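Here is start-v2.pdb, consisting of PDB, C-alpha atoms, pLDDT in the B column:
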```pdb
ATOM      1  CA  MET A   1      11.792  -3.014 -15.417  1.00 77.00           C
ATOM      2  CA  ARG A   2      13.896  -1.774 -18.311  1.00 87.00           C
ATOM      3  CA  LEU A   3      17.104   0.177 -17.734  1.00 93.00           C
ATOM      4  CA  LEU A   4      19.487   2.102 -19.974  1.00 96.00           C
ATOM      5  CA  LEU A   5      23.148   1.773 -18.983  1.00 97.00           C
ATOM      6  CA  VAL A   6      25.493   4.296 -20.626  1.00 97.00           C
ATOM      7  CA  GLU A   7      29.104   3.363 -19.901  1.00 96.00           C
ATOM      8  CA  ASP A   8      32.138   3.285 -22.224  1.00 95.00           C
ATOM      9  CA  ASP A   9      34.168   0.871 -20.056  1.00 95.00           C
ATOM     10  CA  GLU A  10      33.061  -2.437 -21.608  1.00 95.00           C
ATOM     11  CA  PRO A  11      34.287  -4.813 -18.832  1.00 95.00           C
ATOM     12  CA  LEU A  12      32.592  -2.654 -16.183  1.00 95.00           C
ATOM     13  CA  ALA A  13      29.417  -2.383 -18.256  1.00 95.00           C
ATOM     14  CA  ASN A  14      29.284  -6.157 -18.756  1.00 94.00           C
ATOM     15  CA  THR A  15      29.727  -6.804 -15.043  1.00 94.00           C
ATOM     16  CA  LEU A  16      27.069  -4.310 -14.064  1.00 94.00           C
ATOM     17  CA  ALA A  17      24.605  -5.395 -16.756  1.00 93.00           C
ATOM     18  CA  THR A  18      25.006  -9.053 -15.758  1.00 92.00           C
ATOM     19  CA  SER A  19      24.304  -8.255 -12.122  1.00 90.00           C
ATOM     20  CA  LEU A  20      21.253  -6.163 -12.985  1.00 90.00           C
ATOM     21  CA  ARG A  21      19.887  -8.862 -15.295  1.00 86.00           C
ATOM     22  CA  GLN A  22      20.286 -11.414 -12.537  1.00 82.00           C
ATOM     23  CA  GLY A  23      18.191  -9.050 -10.425  1.00 79.00           C
ATOM     24  CA  GLY A  24      15.419  -9.273 -12.994  1.00 78.00           C
ATOM     25  CA  TYR A  25      15.983  -6.080 -15.005  1.00 85.00           C
ATOM     26  CA  ALA A  26      16.104  -5.794 -18.786  1.00 86.00           C
ATOM     27  CA  VAL A  27      19.248  -3.776 -19.612  1.00 91.00           C
ATOM     28  CA  ASP A  28      20.182  -1.890 -22.788  1.00 93.00           C
ATOM     29  CA  TRP A  29      23.851  -0.875 -22.931  1.00 95.00           C
ATOM     30  CA  MET A  30      25.217   2.083 -24.886  1.00 95.00           C
ATOM     31  CA  ALA A  31      28.922   2.980 -24.978  1.00 96.00           C
ATOM     32  CA  ASN A  32      28.655   6.593 -26.152  1.00 96.00           C
ATOM     33  CA  GLY A  33      26.492   9.640 -25.645  1.00 95.00           C
ATOM     34  CA  ASN A  34      25.179   9.817 -29.192  1.00 95.00           C
ATOM     35  CA  ASP A  35      23.738   6.298 -29.097  1.00 95.00           C
ATOM     36  CA  ALA A  36      22.332   6.994 -25.630  1.00 96.00           C
ATOM     37  CA  GLU A  37      20.591  10.090 -26.960  1.00 94.00           C
ATOM     38  CA  SER A  38      18.983   8.062 -29.763  1.00 94.00           C
ATOM     39  CA  ALA A  39      17.861   5.328 -27.373  1.00 93.00           C
ATOM     40  CA  LEU A  40      16.306   7.814 -24.958  1.00 94.00           C
ATOM     41  CA  GLN A  41      14.265   9.339 -27.762  1.00 92.00           C
ATOM     42  CA  THR A  42      12.987   6.041 -29.153  1.00 88.00           C
ATOM     43  CA  GLN A  43      12.590   3.735 -26.132  1.00 87.00           C
ATOM     44  CA  THR A  44      10.850   3.895 -22.758  1.00 86.00           C
ATOM     45  CA  TYR A  45      12.954   3.184 -19.665  1.00 91.00           C
ATOM     46  CA  ASP A  46      12.378   2.972 -15.928  1.00 89.00           C
ATOM     47  CA  ALA A  47      15.791   4.444 -15.058  1.00 94.00           C
ATOM     48  CA  LEU A  48      19.062   5.650 -16.604  1.00 97.00           C
ATOM     49  CA  ILE A  49      22.550   4.832 -15.281  1.00 97.00           C
ATOM     50  CA  LEU A  50      24.844   7.420 -16.838  1.00 97.00           C
ATOM     51  CA  ASP A  51      28.613   7.851 -16.941  1.00 97.00           C
ATOM     52  CA  LEU A  52      29.953  11.381 -17.440  1.00 96.00           C
ATOM     53  CA  ASN A  53      33.109  10.762 -19.480  1.00 94.00           C
ATOM     54  CA  LEU A  54      31.703   9.430 -22.750  1.00 95.00           C
ATOM     55  CA  PRO A  55      32.695   9.490 -26.424  1.00 93.00           C
ATOM     56  CA  GLY A  56      30.484  11.736 -28.543  1.00 89.00           C
ATOM     57  CA  ARG A  57      28.193  13.670 -26.219  1.00 92.00           C
ATOM     58  CA  ASP A  58      29.376  13.548 -22.633  1.00 95.00           C
ATOM     59  CA  GLY A  59      27.084  12.643 -19.748  1.00 96.00           C
ATOM     60  CA  PHE A  60      26.379  16.262 -18.865  1.00 96.00           C
ATOM     61  CA  GLN A  61      25.079  16.903 -22.388  1.00 96.00           C
ATOM     62  CA  VAL A  62      22.947  13.756 -22.394  1.00 96.00           C
ATOM     63  CA  LEU A  63      21.432  14.709 -19.037  1.00 96.00           C
ATOM     64  CA  GLN A  64      20.847  18.329 -20.016  1.00 96.00           C
ATOM     65  CA  ARG A  65      19.087  17.383 -23.259  1.00 95.00           C
ATOM     66  CA  LEU A  66      16.992  14.747 -21.453  1.00 95.00           C
ATOM     67  CA  ARG A  67      15.681  17.274 -18.904  1.00 95.00           C
ATOM     68  CA  ALA A  68      15.199  19.942 -21.578  1.00 94.00           C
ATOM     69  CA  ARG A  69      12.650  17.590 -23.180  1.00 92.00           C
ATOM     70  CA  GLY A  70      10.770  17.516 -19.877  1.00 92.00           C
ATOM     71  CA  THR A  71      11.509  13.830 -19.252  1.00 91.00           C
ATOM     72  CA  LEU A  72      11.241  12.805 -15.595  1.00 90.00           C
ATOM     73  CA  LEU A  73      13.182   9.557 -16.009  1.00 93.00           C
ATOM     74  CA  PRO A  74      15.191   8.737 -12.826  1.00 95.00           C
ATOM     75  CA  VAL A  75      18.910   9.292 -13.495  1.00 97.00           C
ATOM     76  CA  LEU A  76      21.755   7.771 -11.489  1.00 97.00           C
ATOM     77  CA  ILE A  77      25.177   9.202 -12.346  1.00 97.00           C
ATOM     78  CA  LEU A  78      28.002   6.654 -12.150  1.00 95.00           C
ATOM     79  CA  SER A  79      31.375   8.344 -12.586  1.00 95.00           C
ATOM     80  CA  ALA A  80      35.025   8.294 -11.588  1.00 94.00           C
ATOM     81  CA  ARG A  81      34.822  12.082 -11.211  1.00 93.00           C
ATOM     82  CA  ASP A  82      34.587  12.663  -7.468  1.00 91.00           C
ATOM     83  CA  ALA A  83      35.036  16.455  -7.345  1.00 94.00           C
ATOM     84  CA  THR A  84      32.299  18.361  -5.557  1.00 95.00           C
ATOM     85  CA  GLN A  85      31.702  20.608  -8.569  1.00 96.00           C
ATOM     86  CA  ASP A  86      30.922  17.569 -10.739  1.00 95.00           C
ATOM     87  CA  ARG A  87      28.376  16.285  -8.220  1.00 94.00           C
ATOM     88  CA  VAL A  88      26.802  19.724  -7.892  1.00 96.00           C
ATOM     89  CA  ALA A  89      26.685  20.244 -11.659  1.00 96.00           C
ATOM     90  CA  SER A  90      25.050  16.836 -12.193  1.00 96.00           C
ATOM     91  CA  LEU A  91      22.411  17.389  -9.524  1.00 95.00           C
ATOM     92  CA  ASP A  92      21.691  20.914 -10.759  1.00 96.00           C
ATOM     93  CA  LEU A  93      21.173  19.551 -14.281  1.00 95.00           C
ATOM     94  CA  GLY A  94      18.571  17.126 -12.942  1.00 95.00           C
ATOM     95  CA  ALA A  95      20.355  13.954 -11.836  1.00 96.00           C
ATOM     96  CA  ASP A  96      18.616  12.136  -8.983  1.00 95.00           C
ATOM     97  CA  ASP A  97      21.673  10.479  -7.436  1.00 96.00           C
ATOM     98  CA  TYR A  98      25.454  10.273  -7.888  1.00 96.00           C
ATOM     99  CA  ILE A  99      27.816   7.362  -7.185  1.00 95.00           C
ATOM    100  CA  THR A 100      31.585   7.435  -7.693  1.00 95.00           C
ATOM    101  CA  LYS A 101      33.740   4.607  -9.019  1.00 94.00           C
ATOM    102  CA  PRO A 102      34.805   2.219  -7.635  1.00 91.00           C
ATOM    103  CA  PHE A 103      31.422   1.366  -6.175  1.00 92.00           C
ATOM    104  CA  ASP A 104      29.671  -1.375  -4.262  1.00 91.00           C
ATOM    105  CA  LEU A 105      27.189  -3.293  -6.430  1.00 91.00           C
ATOM    106  CA  PRO A 106      24.577  -3.931  -3.701  1.00 90.00           C
ATOM    107  CA  GLU A 107      24.577  -0.227  -2.804  1.00 92.00           C
ATOM    108  CA  LEU A 108      24.169   0.835  -6.434  1.00 93.00           C
ATOM    109  CA  GLU A 109      21.281  -1.586  -6.912  1.00 90.00           C
ATOM    110  CA  ALA A 110      19.628  -0.404  -3.672  1.00 89.00           C
ATOM    111  CA  ARG A 111      19.891   3.231  -4.751  1.00 92.00           C
ATOM    112  CA  LEU A 112      18.476   2.328  -8.153  1.00 92.00           C
ATOM    113  CA  ARG A 113      15.488   0.574  -6.585  1.00 87.00           C
ATOM    114  CA  ALA A 114      14.882   3.601  -4.359  1.00 88.00           C
ATOM    115  CA  LEU A 115      14.926   5.957  -7.363  1.00 91.00           C
ATOM    116  CA  ILE A 116      12.421   3.811  -9.253  1.00 87.00           C
ATOM    117  CA  ARG A 117      10.146   3.533  -6.204  1.00 82.00           C
ATOM    118  CA  ARG A 118      10.130   7.291  -5.702  1.00 85.00           C
ATOM    119  CA  SER A 119       9.444   7.899  -9.389  1.00 81.00           C
ATOM    120  CA  ARG A 120       6.337   5.730  -9.018  1.00 75.00           C
ATOM    121  CA  GLY A 121       5.178   7.516  -5.872  1.00 71.00           C
ATOM    122  CA  ARG A 122       6.043   4.717  -3.454  1.00 69.00           C
ATOM    123  CA  SER A 123       8.293   4.829  -0.407  1.00 60.00           C
ATOM    124  CA  GLY A 124       8.297   1.150   0.596  1.00 69.00           C
ATOM    125  CA  SER A 125       9.452  -1.948  -1.243  1.00 72.00           C
ATOM    126  CA  LYS A 126       6.260  -3.965  -0.760  1.00 82.00           C
ATOM    127  CA  ILE A 127       2.999  -3.670  -2.703  1.00 83.00           C
ATOM    128  CA  ALA A 128      -0.187  -5.543  -1.806  1.00 84.00           C
ATOM    129  CA  ILE A 129      -3.434  -6.242  -3.611  1.00 81.00           C
ATOM    130  CA  ASP A 130      -5.791  -8.276  -1.452  1.00 79.00           C
ATOM    131  CA  GLY A 131      -3.953 -11.528  -0.612  1.00 81.00           C
ATOM    132  CA  LEU A 132      -1.138 -10.912  -3.093  1.00 87.00           C
ATOM    133  CA  GLU A 133       2.044  -9.142  -1.926  1.00 89.00           C
ATOM    134  CA  LEU A 134       5.079  -8.208  -4.003  1.00 87.00           C
ATOM    135  CA  ASP A 135       8.496  -7.530  -2.490  1.00 87.00           C
ATOM    136  CA  THR A 136      10.326  -5.471  -5.109  1.00 81.00           C
ATOM    137  CA  VAL A 137      13.686  -5.839  -3.336  1.00 77.00           C
ATOM    138  CA  ALA A 138      13.610  -9.631  -2.968  1.00 80.00           C
ATOM    139  CA  ARG A 139      11.719  -9.765  -6.298  1.00 83.00           C
ATOM    140  CA  ARG A 140       9.224 -12.317  -5.112  1.00 87.00           C
ATOM    141  CA  ALA A 141       5.456 -12.586  -4.815  1.00 91.00           C
ATOM    142  CA  THR A 142       3.613 -14.235  -1.943  1.00 91.00           C
ATOM    143  CA  VAL A 143       0.029 -15.236  -1.279  1.00 87.00           C
ATOM    144  CA  ALA A 144      -0.884 -15.561   2.409  1.00 81.00           C
ATOM    145  CA  GLY A 145       2.822 -15.914   3.203  1.00 82.00           C
ATOM    146  CA  THR A 146       3.456 -18.612   0.586  1.00 87.00           C
ATOM    147  CA  VAL A 147       5.993 -17.713  -2.112  1.00 91.00           C
ATOM    148  CA  LEU A 148       4.693 -18.114  -5.667  1.00 91.00           C
ATOM    149  CA  ASP A 149       6.876 -20.143  -8.016  1.00 92.00           C
ATOM    150  CA  LEU A 150       7.439 -17.566 -10.756  1.00 89.00           C
ATOM    151  CA  THR A 151      10.028 -17.317 -13.496  1.00 86.00           C
ATOM    152  CA  ALA A 152      11.953 -14.041 -13.754  1.00 82.00           C
ATOM    153  CA  ARG A 153       9.820 -12.974 -16.717  1.00 83.00           C
ATOM    154  CA  GLU A 154       6.574 -13.920 -14.968  1.00 87.00           C
ATOM    155  CA  TYR A 155       7.605 -11.879 -11.944  1.00 88.00           C
ATOM    156  CA  GLY A 156       8.546  -8.922 -14.151  1.00 85.00           C
ATOM    157  CA  LEU A 157       5.187  -9.079 -15.902  1.00 87.00           C
ATOM    158  CA  LEU A 158       3.313  -9.320 -12.605  1.00 89.00           C
ATOM    159  CA  GLU A 159       5.227  -6.374 -11.115  1.00 87.00           C
ATOM    160  CA  LEU A 160       4.412  -4.198 -14.124  1.00 85.00           C
ATOM    161  CA  LEU A 161       0.712  -4.965 -13.731  1.00 88.00           C
ATOM    162  CA  VAL A 162       0.710  -4.458  -9.950  1.00 87.00           C
ATOM    163  CA  VAL A 163       2.639  -1.169 -10.087  1.00 82.00           C
ATOM    164  CA  GLN A 164      -0.001   0.142 -12.508  1.00 80.00           C
ATOM    165  CA  ALA A 165      -2.920  -1.607 -10.827  1.00 79.00           C
ATOM    166  CA  ASP A 166      -5.272   1.312 -11.425  1.00 72.00           C
ATOM    167  CA  GLN A 167      -4.881   1.315 -15.201  1.00 80.00           C
ATOM    168  CA  ALA A 168      -4.794  -1.002 -18.184  1.00 87.00           C
ATOM    169  CA  VAL A 169      -1.340  -1.980 -19.472  1.00 87.00           C
ATOM    170  CA  SER A 170      -1.121  -2.655 -23.202  1.00 88.00           C
ATOM    171  CA  LYS A 171       0.774  -5.533 -24.774  1.00 85.00           C
ATOM    172  CA  SER A 172       3.132  -3.067 -26.439  1.00 85.00           C
ATOM    173  CA  GLN A 173       3.940  -1.531 -23.032  1.00 81.00           C
ATOM    174  CA  LEU A 174       4.619  -4.952 -21.548  1.00 83.00           C
ATOM    175  CA  ILE A 175       6.878  -5.946 -24.432  1.00 81.00           C
ATOM    176  CA  ALA A 176       8.789  -2.632 -24.304  1.00 77.00           C
ATOM    177  CA  SER A 177       9.415  -2.989 -20.560  1.00 77.00           C
ATOM    178  CA  LEU A 178      10.380  -6.668 -20.575  1.00 75.00           C
ATOM    179  CA  CYS A 179      12.599  -6.831 -23.661  1.00 71.00           C
ATOM    180  CA  GLU A 180      16.126  -5.538 -24.161  1.00 67.00           C
ATOM    181  CA  TRP A 181      17.435  -3.780 -27.269  1.00 61.00           C
ATOM    182  CA  GLY A 182      17.331  -6.229 -30.195  1.00 58.00           C
ATOM    183  CA  GLU A 183      15.273  -8.807 -28.301  1.00 65.00           C
ATOM    184  CA  GLU A 184      11.886  -9.741 -29.698  1.00 70.00           C
ATOM    185  CA  MET A 185       8.715 -10.945 -27.980  1.00 74.00           C
ATOM    186  CA  SER A 186       5.485 -11.646 -29.807  1.00 79.00           C
ATOM    187  CA  SER A 187       2.000 -10.669 -28.753  1.00 81.00           C
ATOM    188  CA  ASN A 188       1.241 -14.376 -28.496  1.00 83.00           C
ATOM    189  CA  ALA A 189       4.118 -14.829 -26.023  1.00 84.00           C
ATOM    190  CA  ILE A 190       2.516 -12.221 -23.739  1.00 85.00           C
ATOM    191  CA  ASP A 191      -0.780 -14.117 -23.924  1.00 87.00           C
ATOM    192  CA  ILE A 192       1.005 -17.310 -22.844  1.00 88.00           C
ATOM    193  CA  GLN A 193       2.717 -15.551 -19.918  1.00 88.00           C
ATOM    194  CA  ILE A 194      -0.592 -14.037 -18.801  1.00 89.00           C
ATOM    195  CA  HIS A 195      -2.272 -17.454 -18.960  1.00 90.00           C
ATOM    196  CA  ARG A 196       0.439 -18.961 -16.734  1.00 90.00           C
ATOM    197  CA  LEU A 197       0.219 -16.079 -14.286  1.00 90.00           C
ATOM    198  CA  ARG A 198      -3.550 -16.456 -14.002  1.00 90.00           C
ATOM    199  CA  ARG A 199      -3.165 -20.086 -12.995  1.00 89.00           C
ATOM    200  CA  LYS A 200      -0.523 -19.248 -10.383  1.00 89.00           C
ATOM    201  CA  LEU A 201      -2.640 -16.424  -8.941  1.00 87.00           C
ATOM    202  CA  ASP A 202      -5.621 -18.711  -8.427  1.00 83.00           C
ATOM    203  CA  GLY A 203      -6.764 -18.341  -4.814  1.00 79.00           C
ATOM    204  CA  SER A 204      -4.831 -15.107  -4.242  1.00 81.00           C
ATOM    205  CA  GLY A 205      -7.909 -12.881  -4.296  1.00 82.00           C
ATOM    206  CA  THR A 206      -6.611 -11.082  -7.385  1.00 86.00           C
ATOM    207  CA  ALA A 207      -7.230 -11.632 -11.075  1.00 86.00           C
ATOM    208  CA  ILE A 208      -5.833 -10.387 -14.385  1.00 89.00           C
ATOM    209  CA  ARG A 209      -8.620  -9.077 -16.596  1.00 89.00           C
ATOM    210  CA  THR A 210      -8.363  -8.670 -20.366  1.00 89.00           C
ATOM    211  CA  LEU A 211      -9.649  -5.348 -21.674  1.00 87.00           C
ATOM    212  CA  ARG A 212     -10.057  -5.887 -25.389  1.00 85.00           C
ATOM    213  CA  GLY A 213      -8.324  -3.169 -27.360  1.00 82.00           C
ATOM    214  CA  PHE A 214      -6.586  -1.813 -24.241  1.00 85.00           C
ATOM    215  CA  GLY A 215      -4.551  -4.598 -22.613  1.00 88.00           C
ATOM    216  CA  TYR A 216      -4.599  -6.109 -19.152  1.00 91.00           C
ATOM    217  CA  LEU A 217      -5.668  -4.924 -15.724  1.00 90.00           C
ATOM    218  CA  ILE A 218      -4.984  -6.593 -12.365  1.00 89.00           C
ATOM    219  CA  GLU A 219      -7.717  -6.243  -9.760  1.00 84.00           C
ATOM    220  CA  SER A 220      -9.567  -7.985  -6.941  1.00 78.00           C
ATOM    221  CA  ALA A 221     -10.989 -11.310  -8.081  1.00 69.00           C
ATOM    222  CA  ASP A 222     -14.483 -10.101  -7.122  1.00 68.00           C
ATOM    223  CA  GLY A 223     -14.065  -7.094  -9.428  1.00 57.00           C
ATOM    224  CA  GLY A 224     -13.841  -4.590  -6.562  1.00 52.00           C
TER     225      GLY A 224
END
```
Show me the file's structure as structure tokens.
Amino acid sequence: MRLLLVEDDEPLANTLATSLRQGGYAVDWMANGNDAESALQTQTYDALILDLNLPGRDGFQVLQRLRARGTLLPVLILSARDATQDRVASLDLGADDYITKPFDLPELEARLRALIRRSRGRSGSKIAIDGLELDTVARRATVAGTVLDLTAREYGLLELLVVQADQAVSKSQLIASLCEWGEEMSSNAIDIQIHRLRRKLDGSGTAIRTLRGFGYLIESADGG
């Protein structure tokens, strides 16, 4: 999953981005509201972590413009402003959650996972397709109770396919979700990752099918 972190405190941003990356997320960091606005209009994200006190456009302006475009992206406000009116204003403008600084990292990450789950129409952290089960909190995949040996990128790719199990996912979508700002991944690299995943899913009852011209689709191995 790809996140946009908008925070002008560089040490805090580095700490938070490092923790999120260790949790398997791709993270783009912007230090001001103007750059955040540009990123939101050119990239696709799974969630936005937004500070309010920013150079350029402040967080309120970024949020207001985002919702004015009709974007339903989950937004978690992270701010030192703890006044009730700031919380109310943020929620009324369309924020989904609000955390004040200083904060507890595990709690922030749990709230972020909950926002992403709800945005995808799921309430629980586990997703199953036949014998394959994904735990999106532990970020692991199991087959009949046995944990699959997946790299972080393989897990991220598998989760993207499973979350959208009813539709084809294009290579461009996979690359956009897995790569951070400035990072490059070739179409051939996706093919290699898919090949490795297919081998590791052998015997799980699920298969990754190639739909030429459309992308990839995960489904029951029997095609049902």
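Coordinates place CA of Leu160 in chain A at a distance of 23.6 Å from CA of Val6 in chain A.
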**Asked** Can you tell me, as a list in words, what residues are no more than 12 Å from Arg140 in chain A when counting only C-alpha atoms, ignoring any on the same chain fewer than 5 positions away?
**Response** Gly23, Gly24, Ser125, Lys126, Ile127, Leu132, Glu133, Leu134, Asp135, Gly145, Thr146, Val147, Leu148, Asp149, Leu150, Thr151, Ala152, Arg153, Glu154, Tyr155, Gly156, Leu157, Leu158 and Glu159 of chain A
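Between CA of Leu197 in chain A and CA of Leu16 in chain A the separation is 29.3 Å.
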Selected residue of minimal separation from Val137 in chain A among A:Ile77, A:Leu3, A:Ala68, A:Ala110, counting only C-alpha atoms |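 Comparing A:Ile77, A:Leu3, A:Ala68, A:Ala110 against Val137 in chain A, the winner is A:Ala110.
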Could you check which residues have any atom within 12 Å of (21.9, 7.8, -7.1), counting only C-alpha atoms with coordinates taken straight from the file, and then list them as a PDB file with C-alpha atoms, in the coordinates of the input?
```pdb
ATOM      1  CA  ALA A  47      15.791   4.444 -15.058  1.00 94.00           C
ATOM      2  CA  LEU A  48      19.062   5.650 -16.604  1.00 97.00           C
ATOM      3  CA  ILE A  49      22.550   4.832 -15.281  1.00 97.00           C
ATOM      4  CA  LEU A  50      24.844   7.420 -16.838  1.00 97.00           C
ATOM      5  CA  ASP A  51      28.613   7.851 -16.941  1.00 97.00           C
ATOM      6  CA  PRO A  74      15.191   8.737 -12.826  1.00 95.00           C
ATOM      7  CA  VAL A  75      18.910   9.292 -13.495  1.00 97.00           C
ATOM      8  CA  LEU A  76      21.755   7.771 -11.489  1.00 97.00           C
ATOM      9  CA  ILE A  77      25.177   9.202 -12.346  1.00 97.00           C
ATOM     10  CA  LEU A  78      28.002   6.654 -12.150  1.00 95.00           C
ATOM     11  CA  SER A  79      31.375   8.344 -12.586  1.00 95.00           C
ATOM     12  CA  ARG A  87      28.376  16.285  -8.220  1.00 94.00           C
ATOM     13  CA  SER A  90      25.050  16.836 -12.193  1.00 96.00           C
ATOM     14  CA  LEU A  91      22.411  17.389  -9.524  1.00 95.00           C
ATOM     15  CA  GLY A  94      18.571  17.126 -12.942  1.00 95.00           C
ATOM     16  CA  ALA A  95      20.355  13.954 -11.836  1.00 96.00           C
ATOM     17  CA  ASP A  96      18.616  12.136  -8.983  1.00 95.00           C
ATOM     18  CA  ASP A  97      21.673  10.479  -7.436  1.00 96.00           C
ATOM     19  CA  TYR A  98      25.454  10.273  -7.888  1.00 96.00           C
ATOM     20  CA  ILE A  99      27.816   7.362  -7.185  1.00 95.00           C
ATOM     21  CA  THR A 100      31.585   7.435  -7.693  1.00 95.00           C
ATOM     22  CA  PHE A 103      31.422   1.366  -6.175  1.00 92.00           C
ATOM     23  CA  GLU A 107      24.577  -0.227  -2.804  1.00 92.00           C
ATOM     24  CA  LEU A 108      24.169   0.835  -6.434  1.00 93.00           C
ATOM     25  CA  GLU A 109      21.281  -1.586  -6.912  1.00 90.00           C
ATOM     26  CA  ALA A 110      19.628  -0.404  -3.672  1.00 89.00           C
ATOM     27  CA  ARG A 111      19.891   3.231  -4.751  1.00 92.00           C
ATOM     28  CA  LEU A 112      18.476   2.328  -8.153  1.00 92.00           C
ATOM     29  CA  ARG A 113      15.488   0.574  -6.585  1.00 87.00           C
ATOM     30  CA  ALA A 114      14.882   3.601  -4.359  1.00 88.00           C
ATOM     31  CA  LEU A 115      14.926   5.957  -7.363  1.00 91.00           C
ATOM     32  CA  ILE A 116      12.421   3.811  -9.253  1.00 87.00           C
ATOM     33  CA  ARG A 118      10.130   7.291  -5.702  1.00 85.00           C
TER      34      ARG A 118
END
```
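Interatomic distance, CA of Gly59 in chain A to CA of Leu93 in chain A: 10.6 Å.
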Q: Return as a PyMOL selection string the set of residues that the PyMOL selection byres ((chain A and resi 39) around 12) yields on the displayed structure.
A: chain A and resi 3-6+28-38+40-45+48+62+66+180-182
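By chain and then residue number, the residues within 10 Å of range 185-189 of chain A are Lys171, Ser172, Leu174, Ile175, Ala176, Leu178, Cys179, Glu180, Glu183, Asp191, Ile192, Gln193, Ile194 and His195 of chain A, counting all atoms listed in the file and disregarding those fewer than 2 positions away in sequence.
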Residues in the PyMOL selection byres ((chain A and resi 207-216) around 9), expressed as a compact mmCIF listing (two decimals) with C-alpha atoms, in the frame of the given file:
```
# COMPACT_ATOMS: atom_id res chain seq x y z
CA LEU A 161 0.71 -4.96 -13.73
CA GLN A 167 -4.88 1.32 -15.20
CA ALA A 168 -4.79 -1.00 -18.18
CA VAL A 169 -1.34 -1.98 -19.47
CA SER A 170 -1.12 -2.66 -23.20
CA LYS A 171 0.77 -5.53 -24.77
CA SER A 172 3.13 -3.07 -26.44
CA ILE A 194 -0.59 -14.04 -18.80
CA LEU A 197 0.22 -16.08 -14.29
CA ARG A 198 -3.55 -16.46 -14.00
CA LEU A 201 -2.64 -16.42 -8.94
CA ASP A 202 -5.62 -18.71 -8.43
CA SER A 204 -4.83 -15.11 -4.24
CA GLY A 205 -7.91 -12.88 -4.30
CA THR A 206 -6.61 -11.08 -7.38
CA LEU A 217 -5.67 -4.92 -15.72
CA ILE A 218 -4.98 -6.59 -12.36
CA GLU A 219 -7.72 -6.24 -9.76
CA SER A 220 -9.57 -7.98 -6.94
CA ALA A 221 -10.99 -11.31 -8.08
CA ASP A 222 -14.48 -10.10 -7.12
CA GLY A 223 -14.06 -7.09 -9.43
```
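Each of A:Asp86, A:Leu105, A:Gly70, A:Asn14 was checked against Asn53 in chain A using all atoms listed in the file; the smallest atom-to-atom distance is that of A:Asp86.
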Six-sided padding of 5 Å per side, axis-aligned box over range 69-86 of chain A, centre and edges in Å, one decimal, as lines of an AutoDock Vina configuration file:
```
center_x = 22.9
center_y = 13.6
center_z = -14.4
size_x = 34.3
size_y = 24.0
size_z = 27.6
```
